[in-house]
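Read the structure below first, then the notes.
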Amino acid sequence: MRPADLPEGMRSRQKAAAWFSGAMEGVRWAFGSGRWRPSSADWSLAARCVQDEERQRIGRFVFAKDAKAAMSGRLLIRKLVTEKLKIPWNEIQLKRTTKGKPFLANPAMNIIPNFNFNISHQGDYTVLAAEPNLQVGVDIMKTDFPGSTSVKEFFRIMNRQFTDYEWNTINMAGDEWAQLDMFYRHWALKESFIKAVGVGVAFDLQRIEFHVLPLHLQEGQVYKETALFLDGEQEEDWAFEETMLDDSHHVAVALGKQDICGKYPAQVQETNGQERLQFVHLTFQDLISSAIAMGPEDPMYWKNFKAKEEKPGHQRRIPV
């Protein structure tokens, strides 16, 4: 839908923006990139549906799992922008902030100026969260034993990333697996906030402290009880959605008020703040359902992908 198609009397940009933001709901999507085994036709089509610089960057990944995560992340973003902002797939221009966060580089086409999205991939999934009015950051973490050290030594190495209160919560969780599970839950929460505010890895993570509730999360449920404390003061303007995609993948979505949210009706902000959105699991066909090929097929791109090993011997986080 274009502004000219809006109801009578809503064709000014400001009114159109308010109407679009009110009509658009938040988005939560998940794609099983780790389990994706693309055919030659699927991988070649995916490569034709992203910008050339994105395609080249994805092709340089050493491991297939990293390449699939990056490719699915780009397809998720383009699907989001074309279906929710009604910008044609082949007219979308994506760039990165200095901190590496993807953003829409042709803002003149975006009728919702506060539109905010973020993606994350780790473990077996690539996830995306988007909001029309709220600042958003998303992070996913898979619970797994450290590959080259004991849990005790791993926690010692990571000691400065959490407060005493958080370490007490982690250590009281139960056996080593339960402690690791609580550790990665806290890590996802911290990363989601850092990604939402865009401050980067230099931020002192001990400045932020999470009081998690409930202590045990059930798969498929969305929780919003966890509280954030910044420099010892509770941050009432931030909310955190937590969910388990399966029995080992934690997802945290940080939601904060935009500086210019006042341009939009208060009831829109309140509604978005109270929703508990489930992640919708997408297939590859869902990813490309609105796609438009933007370049010719390159047979060498598939051969290059097939020559990659699936993954390294331990989990690594890669930039999105």
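The chains in the structure tokens are called A, B, ... from first to last as shown; in each chain the residues are counted from 1, and the ligands are counted from 1 in the order shown.
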Just asking: which residues within stretch 51-192 of chain A are alpha helix (DSSP H) according to DSSP, as a PyMOL selection string?
-> chain A and resi 52-59+64-84+151-157+164-171+176-192
Pick the closest to A:Lys224 from A:Lys142, A:Arg60, A:His211, A:Lys65: which is it, counting only C-alpha atoms?
->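 For A:Lys224, the nearest of the given residues is A:His211.
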For stretch 300-312 of chain A, please output as an MDAnalysis selection string all residues within 6 Å (counting only C-alpha atoms; exclusion window: fewer than 2 positions along the same chain).
-> chainID A and resid 63:65 298 314
Enumerate, in order of chain and increasing residue number, the residues of stretch 168-276 of chain A with an atom no farther than 12 Å from stretch 32-56 of chain A, each with its shortest atom pair and distance in Å to one decimal, counting only C-alpha atoms, as CSV.
residue,atom,partner,partner_atom,distance
A:Leu245,CA,A:Gly32,CA,10.3
A:Asp246,CA,A:Gly32,CA,11.3
A:His249,CA,A:Gly32,CA,11.4
Run DSSP on the backbone of this structure and report the residues of stretch 12-212 of chain A it assigns to strand (DSSP E or B), as a PyMOL selection string.
-> chain A and resi 27-31+63+94-96+102-104+116-122+125-131+134-142+208-211
Which of these residues is nearest to A:Thr283, using only C-alpha atoms: A:Arg207, A:Gln135, A:Ala30, A:Lys195?
->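 Between A:Arg207, A:Gln135, A:Ala30, A:Lys195, the residue approaching A:Thr283 most closely is A:Ala30.
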A:Leu282, A:Leu287, A:Leu76, A:Met244 ranked by distance to A:Gln218, top pick (using only C-alpha atoms) | A:Met244
Can you list, as a list in words, every protein, DNA or RNA residue that comes within 6 Å of stretch 110-120 of chain A when you count only C-alpha atoms, leaving out same-chain residues fewer than 3 positions away?
-> Ala17, Pro107, Thr126, Val127, Leu128, Ala129, Ala130, Glu131, Pro132, Asn133, Gly137, Val138 and Asp139 of chain A
Using only C-alpha atoms, pick whichever of A:Gly232, A:Phe103, A:Glu25, A:Val280 has the shortest atom-to-atom distance to A:Thr163.
-> A:Gly232
Which value, in Å to one decimal, gives the distance between atom CA of A:Ala70 and atom CA of A:Ile92?
-> 17.2 Å
Top pick for closest residue to A:Lys190, considering A:Ser72, A:Thr82, A:Gln206, A:Thr98 and counting only C-alpha atoms =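 Using only C-alpha atoms, A:Lys190 sits closest to A:Gln206.
Those residues that approach A:Gly256 to within 7 Å, counting only C-alpha atoms, are Leu134, Gln135, Val136, Asp237, Trp238 and Ala239 of chain A; same-chain residues fewer than 5 positions away are not listed.
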Top pick for closest residue to A:Lys95, considering A:Gly198, A:Ile77, A:Thr149, A:Val27 and counting only C-alpha atoms |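 Among the listed residues, the smallest separation from A:Lys95 belongs to A:Ile77.
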May I have the residues within 12 Å of A:Ala188 as number ranges by chain, using only C-alpha atoms and disregarding those fewer than 4 positions away in the same chain?
-> A: 120-122, 137-143, 181-184, 192-195, 210, 212, 240-244, 249-254
